[in-house]
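Structure data (compact mmCIF, C-alpha atoms and all ligand atoms) from start_26.txt:
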```
# COMPACT_ATOMS: atom_id res chain seq x y z
CA MET Q 1425 81.23 106.06 95.65
CA ASP Q 1426 80.81 109.48 94.08
CA VAL Q 1427 81.02 112.70 96.10
CA LYS Q 1428 77.34 113.49 95.54
CA HIS Q 1429 76.28 110.65 97.85
CA VAL Q 1430 78.00 112.20 100.89
CA GLU Q 1431 78.14 115.83 99.79
CA HIS Q 1432 76.95 117.20 103.16
CA ASP Q 1433 79.88 115.50 104.97
CA LEU Q 1434 82.54 117.10 102.77
CA THR Q 1435 83.91 120.63 102.41
CA THR Q 1436 85.96 120.50 99.21
CA THR Q 1437 87.22 118.04 96.63
CA LEU Q 1438 90.99 118.33 96.79
CA LEU Q 1439 91.76 115.84 94.02
CA ASP Q 1440 89.35 114.13 91.69
CA GLU Q 1441 89.61 110.69 90.16
CA GLU Q 1442 91.22 111.90 86.96
CA GLN Q 1443 93.91 113.96 88.70
CA ILE Q 1444 94.79 111.01 90.92
CA GLN Q 1445 95.02 108.58 88.01
CA ARG Q 1446 97.08 110.95 85.86
CA ARG Q 1447 99.59 111.47 88.66
CA LEU Q 1448 99.89 107.75 89.37
CA VAL Q 1449 100.62 107.05 85.69
CA ALA Q 1450 103.42 109.65 85.80
CA LEU Q 1451 104.85 108.16 89.00
CA ALA Q 1452 104.68 104.67 87.48
CA ALA Q 1453 106.72 105.87 84.49
CA GLU Q 1454 109.39 107.26 86.86
CA ILE Q 1455 109.42 104.01 88.83
CA GLU Q 1456 109.78 101.95 85.64
CA ARG Q 1457 112.82 104.01 84.65
CA ASP Q 1458 114.44 103.88 88.10
CA TYR Q 1459 113.98 100.13 88.57
CA GLU Q 1460 114.80 99.02 85.05
CA GLY Q 1461 116.50 95.61 85.14
CA LYS Q 1462 115.77 95.18 88.86
CA ASP Q 1463 113.14 93.05 90.51
CA LEU Q 1464 110.55 95.06 92.42
CA LEU Q 1465 108.43 94.26 95.43
CA LEU Q 1466 105.65 96.69 96.23
CA VAL Q 1467 104.74 96.76 99.90
CA GLY Q 1468 101.34 98.22 100.68
CA VAL Q 1469 100.38 99.49 104.07
CA LEU Q 1470 96.87 98.37 104.94
CA LYS Q 1471 94.27 99.55 104.80
CA GLY Q 1472 94.69 103.05 103.41
CA ALA Q 1473 97.08 102.11 100.59
CA VAL Q 1474 94.74 99.60 98.96
CA MET Q 1475 93.61 101.99 96.22
CA VAL Q 1476 97.11 103.39 95.58
CA MET Q 1477 98.50 99.86 95.33
CA ALA Q 1478 95.76 98.73 92.96
CA ASP Q 1479 96.12 101.69 90.61
CA LEU Q 1480 99.90 102.19 90.84
CA SER Q 1481 100.62 98.51 90.21
CA ARG Q 1482 98.32 98.45 87.17
CA ALA Q 1483 99.95 101.60 85.80
CA LEU Q 1484 103.33 99.82 85.88
CA ASN Q 1485 104.08 98.14 82.56
CA ARG Q 1486 106.42 95.54 84.03
CA HIS Q 1487 106.35 92.65 86.49
CA VAL Q 1488 105.96 93.52 90.15
CA GLU Q 1489 105.22 91.48 93.21
CA MET Q 1490 102.98 92.77 95.97
CA ASP Q 1491 102.86 92.16 99.68
CA TRP Q 1492 101.05 93.82 102.55
CA MET Q 1493 101.69 94.99 106.07
CA ALA Q 1494 99.23 96.35 108.54
CA VAL Q 1495 100.52 98.79 111.11
CA SER Q 1496 98.67 101.05 113.40
CA SER Q 1497 99.72 104.54 114.41
CA TYR Q 1498 96.31 106.14 114.69
CA GLY Q 1499 93.40 105.59 116.99
CA SER Q 1500 89.93 106.31 115.70
CA GLY Q 1501 90.33 110.08 115.73
CA THR Q 1502 92.22 112.57 113.60
CA THR Q 1503 95.42 112.92 115.62
CA SER Q 1504 98.45 110.64 115.78
CA SER Q 1505 98.74 108.49 118.89
CA GLY Q 1506 102.51 108.10 118.43
CA VAL Q 1507 102.22 104.34 118.82
CA VAL Q 1508 103.19 101.99 115.98
CA ARG Q 1509 102.22 98.34 116.17
CA ILE Q 1510 102.50 95.57 113.55
CA LEU Q 1511 99.07 94.10 113.06
CA LYS Q 1512 100.06 91.99 110.04
CA ASP Q 1513 103.62 91.28 108.87
CA LEU Q 1514 104.88 90.59 105.33
CA ASP Q 1515 104.59 87.07 103.90
CA THR Q 1516 107.73 87.68 101.79
CA ASP Q 1517 111.39 87.39 102.77
CA ILE Q 1518 112.71 90.75 101.58
CA SER Q 1519 116.44 90.08 101.95
CA ARG Q 1520 118.29 91.29 98.82
CA ARG Q 1521 115.00 92.52 97.33
CA HIS Q 1522 114.21 96.02 96.05
CA VAL Q 1523 111.30 97.17 98.18
CA LEU Q 1524 109.04 100.08 97.33
CA ILE Q 1525 106.55 101.04 100.01
CA ALA Q 1526 103.26 102.25 98.52
CA GLU Q 1527 101.58 104.64 100.95
CA ASP Q 1528 98.43 106.69 100.86
CA ILE Q 1529 99.51 109.61 103.03
CA ILE Q 1530 102.40 110.83 105.16
CA ASP Q 1531 101.42 113.15 107.95
CA THR Q 1532 103.93 113.25 110.83
CA GLY Q 1533 106.03 110.56 109.14
CA LEU Q 1534 106.08 108.59 112.37
CA THR Q 1535 104.60 105.47 110.82
CA LEU Q 1536 106.92 105.48 107.84
CA SER Q 1537 110.18 106.19 109.66
CA TRP Q 1538 109.41 103.28 111.90
CA LEU Q 1539 108.44 101.07 108.96
CA VAL Q 1540 111.54 101.90 106.94
CA ALA Q 1541 113.82 101.12 109.89
CA ASN Q 1542 111.96 97.87 110.46
CA LEU Q 1543 112.24 96.79 106.81
CA GLU Q 1544 115.88 97.88 106.53
CA SER Q 1545 116.79 95.58 109.43
CA ARG Q 1546 115.74 92.62 107.23
CA GLY Q 1547 118.60 93.09 104.74
CA PRO Q 1548 116.83 94.27 101.58
CA ALA Q 1549 118.74 95.55 98.52
CA SER Q 1550 116.88 98.86 98.90
CA VAL Q 1551 113.85 100.41 100.57
CA SER Q 1552 112.14 103.42 99.00
CA ILE Q 1553 108.84 105.16 99.56
CA CYS Q 1554 106.10 106.19 97.18
CA THR Q 1555 103.26 108.17 98.72
CA LEU Q 1556 100.25 109.61 96.97
CA LEU Q 1557 99.84 112.44 99.50
CA ARG Q 1558 102.23 114.30 101.76
CA LYS Q 1559 101.29 116.82 104.44
CA PRO Q 1560 103.61 119.72 105.43
CA ASP Q 1561 104.84 118.18 108.70
CA ALA Q 1562 106.26 115.20 106.78
CA GLN Q 1563 108.92 117.40 105.21
CA ARG Q 1564 110.65 117.65 108.58
CA MET Q 1565 111.10 113.92 108.89
CA SER Q 1566 114.42 112.23 108.31
CA VAL Q 1567 113.21 109.54 105.92
CA ASP Q 1568 113.68 110.26 102.24
CA VAL Q 1569 110.45 109.98 100.27
CA ARG Q 1570 111.45 109.20 96.70
CA TYR Q 1571 108.06 109.53 94.97
CA VAL Q 1572 105.36 112.01 96.04
CA GLY Q 1573 102.03 112.31 94.26
CA PHE Q 1574 100.78 115.57 95.78
CA ASP Q 1575 101.78 117.89 98.59
CA ILE Q 1576 98.57 118.86 100.34
CA PRO Q 1577 97.66 121.32 103.12
CA ASN Q 1578 97.50 120.27 106.73
CA GLU Q 1579 93.86 119.25 106.72
CA PHE Q 1580 92.17 115.96 107.43
CA VAL Q 1581 91.25 114.29 104.14
CA VAL Q 1582 89.19 111.25 103.26
CA GLY Q 1583 88.56 109.14 100.20
CA TYR Q 1584 90.61 106.96 97.86
CA GLY Q 1585 91.51 104.61 100.71
CA LEU Q 1586 91.64 107.21 103.47
CA ASP Q 1587 89.04 106.91 106.18
CA TYR Q 1588 87.48 108.65 109.11
CA ASN Q 1589 86.29 106.05 111.62
CA GLY Q 1590 86.34 103.40 108.90
CA ARG Q 1591 84.18 105.36 106.48
CA TYR Q 1592 84.75 107.22 103.17
CA ARG Q 1593 87.52 104.86 101.95
CA ASN Q 1594 85.47 104.00 98.87
CA LEU Q 1595 85.11 107.62 97.73
CA ARG Q 1596 86.62 108.03 94.27
CA SER Q 1597 88.01 111.50 95.05
CA ILE Q 1598 90.08 112.88 97.89
CA CYS Q 1599 88.08 115.41 99.90
CA THR Q 1600 88.30 117.43 103.08
CA LEU Q 1601 85.88 116.40 105.76
CA ALA Q 1602 83.37 118.95 107.07
CA PRO Q 1603 84.11 119.91 110.71
CA HIS Q 1604 80.62 118.85 111.86
CA VAL Q 1605 81.53 115.21 111.06
CA TYR Q 1606 84.49 115.07 113.47
CA GLY Q 1607 83.70 118.10 115.65
P1 LIG Q 1701 101.81 109.57 110.27
O1 LIG Q 1701 102.48 108.52 111.09
O2 LIG Q 1701 101.46 110.78 111.10
O3 LIG Q 1701 102.56 109.94 109.02
O4 LIG Q 1701 100.37 108.99 109.88
C1 LIG Q 1701 100.19 108.14 108.82
C2 LIG Q 1701 98.84 107.48 108.86
O5 LIG Q 1701 97.85 108.29 109.51
C3 LIG Q 1701 98.32 107.29 107.45
O6 LIG Q 1701 98.75 106.07 106.91
C4 LIG Q 1701 96.83 107.38 107.64
O7 LIG Q 1701 96.30 106.12 107.98
C5 LIG Q 1701 96.65 108.32 108.82
N1 LIG Q 1701 96.35 109.70 108.37
C6 LIG Q 1701 97.15 110.77 108.43
N2 LIG Q 1701 96.55 111.85 107.93
C7 LIG Q 1701 95.33 111.46 107.53
C8 LIG Q 1701 94.22 112.15 106.89
O8 LIG Q 1701 94.24 113.35 106.58
N3 LIG Q 1701 93.14 111.38 106.62
C9 LIG Q 1701 93.07 110.06 106.92
N4 LIG Q 1701 94.06 109.39 107.51
C10 LIG Q 1701 95.19 110.08 107.81
```

Would you write the structure of this file as structure tokens?
Amino acid sequence: MDVKHVEHDLTTTLLDEEQIQRRLVALAAEIERDYEGKDLLLVGVLKGAVMVMADLSRALNRHVEMDWMAVSSYGSGTTSSGVVRILKDLDTDISRRHVLIAEDIIDTGLTLSWLVANLESRGPASVSICTLLRKPDAQRMSVDVRYVGFDIPNEFVVGYGLDYNGRYRNLRSICTLAPHVYG
């Protein structure tokens, strides 16, 4: 969906389709270099990371496997509930595998620190994180984020996989939501 169809719900376009794609291609090149000669399993966190996974994996000019987890740390609002639950676990045994988590956004980092600890307990060769977006609070977290697409301000954003109450995920751009939508 293009911005024009929901213009009145949005305040600004933070990143358009072209900026997102260009950054993902650059990240893919870095990942190719870093994982040369190693097998690579991309783990996507449903549902927000669907677009990142689809575009990052296609930007990688090498074999990768993909698997998915669904965890929940947010209710239906715009603030973190602090609760992480596994809704869907991996199908893959990750022991001795190089795992790269593909994420859409890191806000408090709560979800990811929990996820990394959970995956590390399964005996992988390595666990790293690639996130398209990172908010300021995430920089205080203890987990090392190896690949970051964009550092963005502390505002609620939608589009490119990110939702508000299940909507706006299919927006091509990443936009800030107008206060009247969640106010
Ligand atoms: P964290 O645990 O606070 O890092 O939250 C991570 C999860 O919260 C993300 O995977 C998103 O699902 C959701 N989230 C955080 N910030 C935003 C936002 O600005 N828009 C939409 N979802 C968000």

Around all the atoms of ligand LIG 1701 (chain Q) listed in the file, draw an axis-aligned box and extend it by 4 Å on each of the six sides; I want its centre and edge lengths in Å to one decimal, as AutoDock Vina command-line options.
```
--center_x 97.8 --center_y 109.7 --center_z 108.8 --size_x 17.5 --size_y 15.3 --size_z 12.5
```

Leaving out range 1572-1583 of chain Q and any residue of its chain fewer than 2 positions from it, which residues lie within 8 Å of it when counting only C-alpha atoms, given as a CSV table (one decimal) with C-alpha atoms, in the coordinates of the input?
```csv
chain,number,residue,atom,x,y,z
Q,1447,ARG,CA,99.6,111.5,88.7
Q,1448,LEU,CA,99.9,107.8,89.4
Q,1451,LEU,CA,104.8,108.2,89.0
Q,1502,THR,CA,92.2,112.6,113.6
Q,1554,CYS,CA,106.1,106.2,97.2
Q,1555,THR,CA,103.3,108.2,98.7
Q,1556,LEU,CA,100.2,109.6,97.0
Q,1557,LEU,CA,99.8,112.4,99.5
Q,1558,ARG,CA,102.2,114.3,101.8
Q,1559,LYS,CA,101.3,116.8,104.4
Q,1560,PRO,CA,103.6,119.7,105.4
Q,1561,ASP,CA,104.8,118.2,108.7
Q,1569,VAL,CA,110.4,110.0,100.3
Q,1570,ARG,CA,111.4,109.2,96.7
Q,1585,GLY,CA,91.5,104.6,100.7
Q,1586,LEU,CA,91.6,107.2,103.5
Q,1587,ASP,CA,89.0,106.9,106.2
Q,1588,TYR,CA,87.5,108.6,109.1
Q,1592,TYR,CA,84.8,107.2,103.2
Q,1593,ARG,CA,87.5,104.9,102.0
Q,1594,ASN,CA,85.5,104.0,98.9
Q,1595,LEU,CA,85.1,107.6,97.7
Q,1596,ARG,CA,86.6,108.0,94.3
Q,1597,SER,CA,88.0,111.5,95.0
Q,1598,ILE,CA,90.1,112.9,97.9
Q,1599,CYS,CA,88.1,115.4,99.9
Q,1600,THR,CA,88.3,117.4,103.1
Q,1601,LEU,CA,85.9,116.4,105.8
```

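Between CA of Ile1444 in chain Q and CA of Ile1530 in chain Q there is a distance of 16.1 Å.
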
Point-to-point distance from CA of Ser1552 in chain Q to CA of Tyr1459 in chain Q, Å rounded to tenths: 11.1 Å

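Residues surrounding Leu1543 in chain Q within 12 Å are Val1467, Met1493, Ile1510, Asp1513, Leu1514, Thr1516, Asp1517, Ile1518, Ser1519, Arg1520, Arg1521, His1522, Val1523, Leu1524, Ile1525, Leu1536, Ser1537, Trp1538, Leu1539, Gly1547, Pro1548, Ala1549, Ser1550, Val1551, Ser1552 and Ile1553 of chain Q [only C-alpha atoms; sequence separation below 4 positions excluded].
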
Restricting it to C-alpha atoms, dump the selection as a PDB file, in the coordinates of the input.
```
ATOM      1  CA  VAL Q1467     104.740  96.760  99.900  1.00  0.00           C
ATOM      2  CA  MET Q1493     101.690  94.990 106.070  1.00  0.00           C
ATOM      3  CA  ILE Q1510     102.500  95.570 113.550  1.00  0.00           C
ATOM      4  CA  ASP Q1513     103.620  91.280 108.870  1.00  0.00           C
ATOM      5  CA  LEU Q1514     104.880  90.590 105.330  1.00  0.00           C
ATOM      6  CA  THR Q1516     107.730  87.680 101.790  1.00  0.00           C
ATOM      7  CA  ASP Q1517     111.390  87.390 102.770  1.00  0.00           C
ATOM      8  CA  ILE Q1518     112.710  90.750 101.580  1.00  0.00           C
ATOM      9  CA  SER Q1519     116.440  90.080 101.950  1.00  0.00           C
ATOM     10  CA  ARG Q1520     118.290  91.290  98.820  1.00  0.00           C
ATOM     11  CA  ARG Q1521     115.000  92.520  97.330  1.00  0.00           C
ATOM     12  CA  HIS Q1522     114.210  96.020  96.050  1.00  0.00           C
ATOM     13  CA  VAL Q1523     111.300  97.170  98.180  1.00  0.00           C
ATOM     14  CA  LEU Q1524     109.040 100.080  97.330  1.00  0.00           C
ATOM     15  CA  ILE Q1525     106.550 101.040 100.010  1.00  0.00           C
ATOM     16  CA  LEU Q1536     106.920 105.480 107.840  1.00  0.00           C
ATOM     17  CA  SER Q1537     110.180 106.190 109.660  1.00  0.00           C
ATOM     18  CA  TRP Q1538     109.410 103.280 111.900  1.00  0.00           C
ATOM     19  CA  LEU Q1539     108.440 101.070 108.960  1.00  0.00           C
ATOM     20  CA  GLY Q1547     118.600  93.090 104.740  1.00  0.00           C
ATOM     21  CA  PRO Q1548     116.830  94.270 101.580  1.00  0.00           C
ATOM     22  CA  ALA Q1549     118.740  95.550  98.520  1.00  0.00           C
ATOM     23  CA  SER Q1550     116.880  98.860  98.900  1.00  0.00           C
ATOM     24  CA  VAL Q1551     113.850 100.410 100.570  1.00  0.00           C
ATOM     25  CA  SER Q1552     112.140 103.420  99.000  1.00  0.00           C
ATOM     26  CA  ILE Q1553     108.840 105.160  99.560  1.00  0.00           C
TER      27      ILE Q1553
END
```

Å distance separating CA of Ala1478 in chain Q from CA of Ala1453 in chain Q, one decimal place: 15.6 Å

Exercise: Val1469 in chain Q partners within 8 Å, only C-alpha atoms, chain neighbours under 5 positions left out, as number ranges by chain: Q: 1474, 1492-1495, 1525-1527

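Proximity of Q:Gln1443, Q:Glu1460, Q:Ser1496, Q:Arg1546 to Leu1511 in chain Q, computed with only C-alpha atoms, is greatest for Q:Ser1496.
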
Using all atoms listed in the file: which of Q:Asp1433, Q:Ala1541, Q:Glu1456, Q:Thr1532 has the shortest distance to Asn1485 in chain Q: Q:Glu1456

Among listed residues Q:Asp1479, Q:Glu1544, Q:Asp1528, Q:Asp1568, nearest ligand LIG 1701 (chain Q) (using all atoms listed in the file): Q:Asp1528

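Restricting the calculation to all atoms listed in the file, the smallest distance between ligand LIG 1701 (chain Q) and any of Q:Val1476, Q:Leu1470, Q:Val1540, Q:Pro1603 is found for Q:Leu1470.
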
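Remark: for Glu1454 in chain Q, the closest of the candidate residues Q:Ala1602, Q:Ile1529, Q:Met1490, Q:Ala1483 is Q:Ala1483 (distances computed over all atoms listed in the file).
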
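Shortest atom-to-atom contact with ligand LIG 1701 (chain Q) among Q:Ala1473, Q:Asp1531, Q:Val1508, Q:Ser1566: Q:Asp1531, counting only C-alpha atoms and all ligand atoms.
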
Atoms are missing here; could range 1486-1497 of chain Q be completed with all heavy atoms and written as a PDB file, in the coordinates of the input?
```pdb
ATOM      1  N   ARG Q1486     105.331  96.477  83.769  1.00  0.00           N
ATOM      2  CA  ARG Q1486     106.420  95.540  84.030  1.00  0.00           C
ATOM      3  C   ARG Q1486     105.942  94.604  85.138  1.00  0.00           C
ATOM      4  O   ARG Q1486     104.922  94.841  85.768  1.00  0.00           O
ATOM      5  CB  ARG Q1486     107.681  96.272  84.479  1.00  0.00           C
ATOM      6  CG  ARG Q1486     107.448  97.231  85.654  1.00  0.00           C
ATOM      7  CD  ARG Q1486     108.701  97.510  86.418  1.00  0.00           C
ATOM      8  NE  ARG Q1486     109.152  96.303  87.110  1.00  0.00           N
ATOM      9  CZ  ARG Q1486     110.382  96.112  87.552  1.00  0.00           C
ATOM     10  NH1 ARG Q1486     111.290  97.032  87.375  1.00  0.00           N
ATOM     11  NH2 ARG Q1486     110.716  95.000  88.193  1.00  0.00           N
ATOM     12  N   HIS Q1487     106.726  93.543  85.394  1.00  0.00           N
ATOM     13  CA  HIS Q1487     106.350  92.650  86.490  1.00  0.00           C
ATOM     14  C   HIS Q1487     106.633  93.301  87.838  1.00  0.00           C
ATOM     15  O   HIS Q1487     107.660  93.952  88.005  1.00  0.00           O
ATOM     16  CB  HIS Q1487     107.157  91.351  86.420  1.00  0.00           C
ATOM     17  CG  HIS Q1487     106.771  90.490  85.266  1.00  0.00           C
ATOM     18  ND1 HIS Q1487     105.531  89.915  85.165  1.00  0.00           N
ATOM     19  CD2 HIS Q1487     107.446  90.120  84.155  1.00  0.00           C
ATOM     20  CE1 HIS Q1487     105.462  89.218  84.048  1.00  0.00           C
ATOM     21  NE2 HIS Q1487     106.605  89.334  83.404  1.00  0.00           N
ATOM     22  N   VAL Q1488     105.711  93.137  88.758  1.00  0.00           N
ATOM     23  CA  VAL Q1488     105.960  93.520  90.150  1.00  0.00           C
ATOM     24  C   VAL Q1488     105.328  92.456  91.036  1.00  0.00           C
ATOM     25  O   VAL Q1488     104.380  91.799  90.644  1.00  0.00           O
ATOM     26  CB  VAL Q1488     105.328  94.870  90.566  1.00  0.00           C
ATOM     27  CG1 VAL Q1488     106.082  96.036  90.019  1.00  0.00           C
ATOM     28  CG2 VAL Q1488     103.855  94.931  90.211  1.00  0.00           C
ATOM     29  N   GLU Q1489     105.896  92.308  92.220  1.00  0.00           N
ATOM     30  CA  GLU Q1489     105.220  91.480  93.210  1.00  0.00           C
ATOM     31  C   GLU Q1489     104.622  92.421  94.248  1.00  0.00           C
ATOM     32  O   GLU Q1489     105.071  93.562  94.392  1.00  0.00           O
ATOM     33  CB  GLU Q1489     106.218  90.527  93.874  1.00  0.00           C
ATOM     34  CG  GLU Q1489     106.618  89.389  92.956  1.00  0.00           C
ATOM     35  CD  GLU Q1489     107.697  88.508  93.583  1.00  0.00           C
ATOM     36  OE1 GLU Q1489     107.568  88.179  94.769  1.00  0.00           O
ATOM     37  OE2 GLU Q1489     108.660  88.200  92.864  1.00  0.00           O
ATOM     38  N   MET Q1490     103.621  91.932  94.943  1.00  0.00           N
ATOM     39  CA  MET Q1490     102.980  92.770  95.970  1.00  0.00           C
ATOM     40  C   MET Q1490     102.879  92.015  97.286  1.00  0.00           C
ATOM     41  O   MET Q1490     102.622  90.818  97.298  1.00  0.00           O
ATOM     42  CB  MET Q1490     101.555  93.116  95.540  1.00  0.00           C
ATOM     43  CG  MET Q1490     101.482  94.080  94.400  1.00  0.00           C
ATOM     44  SD  MET Q1490      99.759  94.301  93.913  1.00  0.00           S
ATOM     45  CE  MET Q1490      99.861  93.778  92.220  1.00  0.00           C
ATOM     46  N   ASP Q1491     103.095  92.734  98.358  1.00  0.00           N
ATOM     47  CA  ASP Q1491     102.860  92.160  99.680  1.00  0.00           C
ATOM     48  C   ASP Q1491     102.285  93.271 100.557  1.00  0.00           C
ATOM     49  O   ASP Q1491     102.341  94.449 100.192  1.00  0.00           O
ATOM     50  CB  ASP Q1491     104.168  91.595 100.257  1.00  0.00           C
ATOM     51  CG  ASP Q1491     103.901  90.548 101.330  1.00  0.00           C
ATOM     52  OD1 ASP Q1491     102.736  90.423 101.782  1.00  0.00           O
ATOM     53  OD2 ASP Q1491     104.860  89.871 101.744  1.00  0.00           O
ATOM     54  N   TRP Q1492     101.782  92.877 101.703  1.00  0.00           N
ATOM     55  CA  TRP Q1492     101.050  93.820 102.550  1.00  0.00           C
ATOM     56  C   TRP Q1492     101.505  93.758 103.989  1.00  0.00           C
ATOM     57  O   TRP Q1492     101.843  92.695 104.503  1.00  0.00           O
ATOM     58  CB  TRP Q1492      99.551  93.479 102.523  1.00  0.00           C
ATOM     59  CG  TRP Q1492      98.963  93.613 101.171  1.00  0.00           C
ATOM     60  CD1 TRP Q1492      98.830  92.616 100.238  1.00  0.00           C
ATOM     61  CD2 TRP Q1492      98.444  94.793 100.573  1.00  0.00           C
ATOM     62  NE1 TRP Q1492      98.246  93.130  99.099  1.00  0.00           N
ATOM     63  CE2 TRP Q1492      97.994  94.456  99.278  1.00  0.00           C
ATOM     64  CE3 TRP Q1492      98.302  96.111 101.011  1.00  0.00           C
ATOM     65  CZ2 TRP Q1492      97.423  95.374  98.413  1.00  0.00           C
ATOM     66  CZ3 TRP Q1492      97.727  97.041 100.150  1.00  0.00           C
ATOM     67  CH2 TRP Q1492      97.300  96.668  98.864  1.00  0.00           C
ATOM     68  N   MET Q1493     101.489  94.927 104.623  1.00  0.00           N
ATOM     69  CA  MET Q1493     101.690  94.990 106.070  1.00  0.00           C
ATOM     70  C   MET Q1493     100.532  95.789 106.640  1.00  0.00           C
ATOM     71  O   MET Q1493      99.989  96.658 105.950  1.00  0.00           O
ATOM     72  CB  MET Q1493     102.969  95.735 106.404  1.00  0.00           C
ATOM     73  CG  MET Q1493     104.153  94.824 106.575  1.00  0.00           C
ATOM     74  SD  MET Q1493     105.589  95.758 107.016  1.00  0.00           S
ATOM     75  CE  MET Q1493     105.619  95.512 108.774  1.00  0.00           C
ATOM     76  N   ALA Q1494     100.198  95.487 107.855  1.00  0.00           N
ATOM     77  CA  ALA Q1494      99.230  96.350 108.540  1.00  0.00           C
ATOM     78  C   ALA Q1494      99.912  96.869 109.793  1.00  0.00           C
ATOM     79  O   ALA Q1494     100.431  96.089 110.593  1.00  0.00           O
ATOM     80  CB  ALA Q1494      97.977  95.572 108.893  1.00  0.00           C
ATOM     81  N   VAL Q1495      99.985  98.191 109.899  1.00  0.00           N
ATOM     82  CA  VAL Q1495     100.520  98.790 111.110  1.00  0.00           C
ATOM     83  C   VAL Q1495      99.495  99.794 111.605  1.00  0.00           C
ATOM     84  O   VAL Q1495      98.638 100.237 110.853  1.00  0.00           O
ATOM     85  CB  VAL Q1495     101.878  99.502 110.864  1.00  0.00           C
ATOM     86  CG1 VAL Q1495     102.914  98.521 110.374  1.00  0.00           C
ATOM     87  CG2 VAL Q1495     101.741 100.683 109.938  1.00  0.00           C
ATOM     88  N   SER Q1496      99.629 100.121 112.848  1.00  0.00           N
ATOM     89  CA  SER Q1496      98.670 101.050 113.400  1.00  0.00           C
ATOM     90  C   SER Q1496      99.398 102.175 114.098  1.00  0.00           C
ATOM     91  O   SER Q1496     100.236 101.944 114.964  1.00  0.00           O
ATOM     92  CB  SER Q1496      97.776 100.307 114.378  1.00  0.00           C
ATOM     93  OG  SER Q1496      97.200 101.214 115.276  1.00  0.00           O
ATOM     94  N   SER Q1497      99.123 103.412 113.701  1.00  0.00           N
ATOM     95  CA  SER Q1497      99.720 104.540 114.410  1.00  0.00           C
ATOM     96  C   SER Q1497      98.628 105.517 114.821  1.00  0.00           C
ATOM     97  O   SER Q1497      98.875 106.497 115.484  1.00  0.00           O
ATOM     98  CB  SER Q1497     100.739 105.265 113.545  1.00  0.00           C
ATOM     99  OG  SER Q1497     100.107 105.913 112.481  1.00  0.00           O
TER     100      SER Q1497
END
```
